[in-house]
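One structure is given here, and the rest of the page talks about it.
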Amino acid sequence: MLLVLSAFVAFQSPDSSRITIQPPRLEVAIIVDGELNEPAWGQAARLDGFTRYQPAGGAAVDSTVVLVWYSPTAIHFGIRAYESHGAANATLADRDRIFNDDNVQLFLDTYHDGRQAIMLAVNPLGVQGDGSLIELGRGGGSFSTSASGGREPTDLSPDFVFQSKGQVTSWGFQVELRVPFKSLRYQPAEVQTWGFQVVRQVQHAGEEDTWTPTERAAASFLAQSGALSGLTGMRRGVVVDATPELTRRWDGAPAGSDWNYTADDWKLGGTVRWGVTENLTLNGTVHPDFSQVEADAGQIQFDPRVAIFFPERRPFFLDGLELFAAPNNLIYTRRLRLPDGAVKLTGKAANTNIGLIAGLDGEDFSIGGADRPHVLMARLQRDLGRSSSLGMVYTDRTEDGGSNRVLGIDGRYVFGGLYAAQFQLAGSRTDDGAGVETAPLWQLRFLRNGRRYGFRTTFNGISDKFVTRSGFIGRPGIVKWNIDNNYTWDWPRTAFLQQFTAGLVLDGTWQYTHFVNNTGIQDKKLHLNTNAVLRGGWNVNVNWFVETFGYDDALYSRYRVASPTDTVPFTGTPTIPNSEVLVQVSTPAYQKFNAFGFALYGHDENFYEWSSSWLWIGQLGVNWRPTDQIRLGFTHNWQRVDRRSDGSTVNITQIPRVTLEYQVARPLFIRLIGQYIRSETDSLRDDSRTGYPIFIQTPSGLVRAGARNDHDVSVDALLSYRPTPGTVLFIGYGSLYTGDQAYKFSDLQRTEDGFFTKLSYLFRL
């Protein structure tokens, strides 16, 4: 199918104007010490002449030099980053926690396809961050606007084994990296050419610089990269990683007036990773540890129609996770919850990205509770031309109680440098024993990513009968059309206002059945968005929202209104008009401090009672780094919903979260996390019409939707030793406390707690 459809996409030849460097191959081995004083560095290829990427335009103020050479078993990078303003921002940190420091990011497009790249990052002390970037045309939306263009976000989930060491100097900082070929996937060719880009983040100026001149106004960031050519004689050797794991957990709970602990048996599991070829990797796992070392951060669910998404954190799935990315999240690996075993094949062959997972899930997650579901997730994506692609998704979850299968195709066509068109067509087939249900999903998208004028439109439909038990659909049963226009002005870097973007967003949402039957739109939105980038890296957004929300009968199907004489179904106000203002501000990442936050206020829908309300939503975040080893982070999310009828409060939700980290050394840290969730909801009533109390229909009868007060405190402590990905020692403790009154911590009662430990070791052959 992919080969047939590819005939309809015009072929685009590679851009011969790319900057190409041929690094030397040297038969030497050196110690990674951050000095760059061995003779090999004198022979290395030199990359310099960086230009400013964000805000757009001009030569970089602080110069950067990158040196590149390779040995038979690894590629080496040396970085000299000059700082004209003073000392570099640098702290000791855990892996992937370096992006408030000055840092340099290396993007290695090892398949030279202009669509995907491994990202390896270091801060001035050589602390590592890593991830992957696959261009899927993500971005845009109706909530706020930002400066036009820019690369897609890097997924920081994958971890790669490489060595790095750095040092702060009088003139800036210097870092040395060694990346073993064992840690990479690349083309099965005798002579290699890799796409290559370097991004330097300069925190004191709030700027990003790139090695090759790169326009934010482009449909592809990676297609503008340079290249490392003539790589030959590369030896990976036998690529087999074995990671045995030993875990145990002790859970505590009240037992009368005492506290009782129960302990699991020690669990032995493990994962094996085999590099079948240079471009294909096979992973297998038996009884893996899928615990997380900390709980997911609390989120406020303002719109109950939309499910909350949590990212994948479990080690087995992180290797090659980017190859499973698909529009509408039709693959969501957290749906394979607690398998007894699983296998995974990832890589690229015949110009096609390959991602396959097969596993046997646990009985607790089966329909009947006594079966082990067989799970298959497959993602293929074939290259077409320089930046276009065509993909396929297939998922299958089968057990005695039924099955669910999803098949879809999607494509992305990039043309003219600024334009991209995308589509997705998918269908689900669900058999739960009583019958078979099939349903469609579709998406069409077009964007223009110009330096001045940008345009995005997305038309997305998901049937109310579409089911995926291996994916994540935030809100099924809707059709959504979004049109996003924005225009950007730039000023010189000496100006106070560096960049300003104004956007107009039109957004419409239909219930799927109403769209099919042409019986009316549900939600209509008009958003006027502005974004200002100020000198030094400040960002300010001011947005005005004008909206109308329609009644969703499915959401309130169990609501009943009890009058003095009768109990009748809740019908709700047909339409609620809204008008709100949103302000967002983020500071630069200073040497010891950065902050961010937003506040929204105005008329909005009260989802608890489906009536008009005054709504406050906000978030405040502060990160303080008093020394290069201590980090203190604070976030506070809050929401308040007041009835417009009489000003009484329907709901208050507050989630403050404090994180304290002490980085003893690069591989060793201690972390303490405290989180408090306050959720107070008034007794519900039919506020928009009769004022009578609301009841909820349950299997055991009608239940009054009475007042609820929840006050929960969680405390997590972790000692982590992780010298390399795969080799870890975790010792952790978590506890949960519950109280009756807001912020009265003296009355808290401990309801559960637990200790856990994990030990794993990476054996690399």
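Every chain in the structure tokens takes a letter, A first, then B, and so on in the order presented; its residues are numbered from 1, and the ligands are numbered from 1 following the presented order.
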
Practice problem: Find the residues near stretch 525-530 of chain A: any atom within 6 Å, counting only C-alpha atoms, skip ones fewer than 5 places away on the same chain, and give them as a count of residues only. | Solution: 16

Please identify every residue of stretch 482-568 of chain A that has at least one atom no farther than 10 Å from an atom of stretch 199-209 of chain A, counting only C-alpha atoms, and for each give the shortest atom pair and the distance in Å to one decimal, arranged by chain then increasing number, as CSV.
residue,atom,partner,partner_atom,distance
A:Arg493,CA,A:Ala205,CA,9.8
A:Val533,CA,A:Gly206,CA,9.3
A:Leu534,CA,A:Gly206,CA,9.0
A:Arg535,CA,A:Ala205,CA,7.3
A:Gly536,CA,A:Ala205,CA,4.4
A:Gly537,CA,A:Gly206,CA,3.6
A:Trp538,CA,A:Gly206,CA,7.3
A:Asn539,CA,A:Gly206,CA,9.5

Using N, CA, C and O atoms, can you export the residues from the last selection as an mmCIF file, in the first residue's frame?
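Output below, filename part07.cif:
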data_model
loop_
_atom_site.group_PDB
_atom_site.id
_atom_site.type_symbol
_atom_site.label_atom_id
_atom_site.label_comp_id
_atom_site.auth_asym_id
_atom_site.auth_seq_id
_atom_site.Cartn_x
_atom_site.Cartn_y
_atom_site.Cartn_z
ATOM 1 N N ARG A 493 18.354 43.185 17.538
ATOM 2 C CA ARG A 493 18.592 42.626 18.873
ATOM 3 C C ARG A 493 18.860 43.698 19.927
ATOM 4 O O ARG A 493 18.780 43.418 21.123
ATOM 5 N N VAL A 533 8.370 38.821 22.390
ATOM 6 C CA VAL A 533 9.679 38.379 22.860
ATOM 7 C C VAL A 533 10.489 39.635 23.145
ATOM 8 O O VAL A 533 10.739 40.446 22.241
ATOM 9 N N LEU A 534 10.880 39.808 24.414
ATOM 10 C CA LEU A 534 11.589 41.007 24.834
ATOM 11 C C LEU A 534 13.080 40.728 24.954
ATOM 12 O O LEU A 534 13.502 39.577 25.082
ATOM 13 N N ARG A 535 13.877 41.778 24.899
ATOM 14 C CA ARG A 535 15.320 41.642 24.992
ATOM 15 C C ARG A 535 15.702 40.908 26.289
ATOM 16 O O ARG A 535 15.171 41.181 27.355
ATOM 17 N N GLY A 536 16.609 39.954 26.149
ATOM 18 C CA GLY A 536 17.035 39.185 27.303
ATOM 19 C C GLY A 536 16.307 37.880 27.483
ATOM 20 O O GLY A 536 16.652 37.105 28.371
ATOM 21 N N GLY A 537 15.276 37.618 26.661
ATOM 22 C CA GLY A 537 14.619 36.320 26.733
ATOM 23 C C GLY A 537 13.286 36.296 27.446
ATOM 24 O O GLY A 537 12.744 35.211 27.711
ATOM 25 N N TRP A 538 12.697 37.453 27.776
ATOM 26 C CA TRP A 538 11.365 37.485 28.361
ATOM 27 C C TRP A 538 10.323 37.173 27.284
ATOM 28 O O TRP A 538 10.445 37.600 26.137
ATOM 29 N N ASN A 539 9.277 36.425 27.670
ATOM 30 C CA ASN A 539 8.151 36.138 26.788
ATOM 31 C C ASN A 539 6.863 36.555 27.475
ATOM 32 O O ASN A 539 6.636 36.211 28.647
#

Exercise. Counting only C-alpha atoms, figure out which residue out of A:Val406, A:Asn328, A:Arg25, A:Ala349 gets nearest to A:Ile462.
Key: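 Result for the nearest residue to A:Ile462: A:Asn328.
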
Quiz item: What does the distance between atom CA of A:Thr757 and atom CA of A:Thr724 come to in Å, to one decimal place?
Solution: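 A separation of 17.8 Å between them.
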
Quiz prompt | One-decimal distance in Å that lies between atom CA of A:Thr457 and atom CA of A:Ala426 | solution =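 Between atom CA of A:Ala426 and atom CA of A:Thr457 the gap is 19.6 Å.
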
Exercise. Find the spatial neighbours of A:Asp432, counting only C-alpha atoms, within a cut-off of 7 Å - ignore same-chain residues fewer than 4 positions away - and output them as an NGL selection string.
Key: :A and (401-403)

Kindly save the residues from that selection, with C-alpha atoms included, as a tab-separated table (two decimals), in the first residue's frame.
chain	number	residue	atom	x	y	z
A	401	GLY	CA	-13.68	-11.26	26.41
A	402	GLY	CA	-13.27	-9.63	23.01
A	403	SER	CA	-10.92	-7.73	20.76
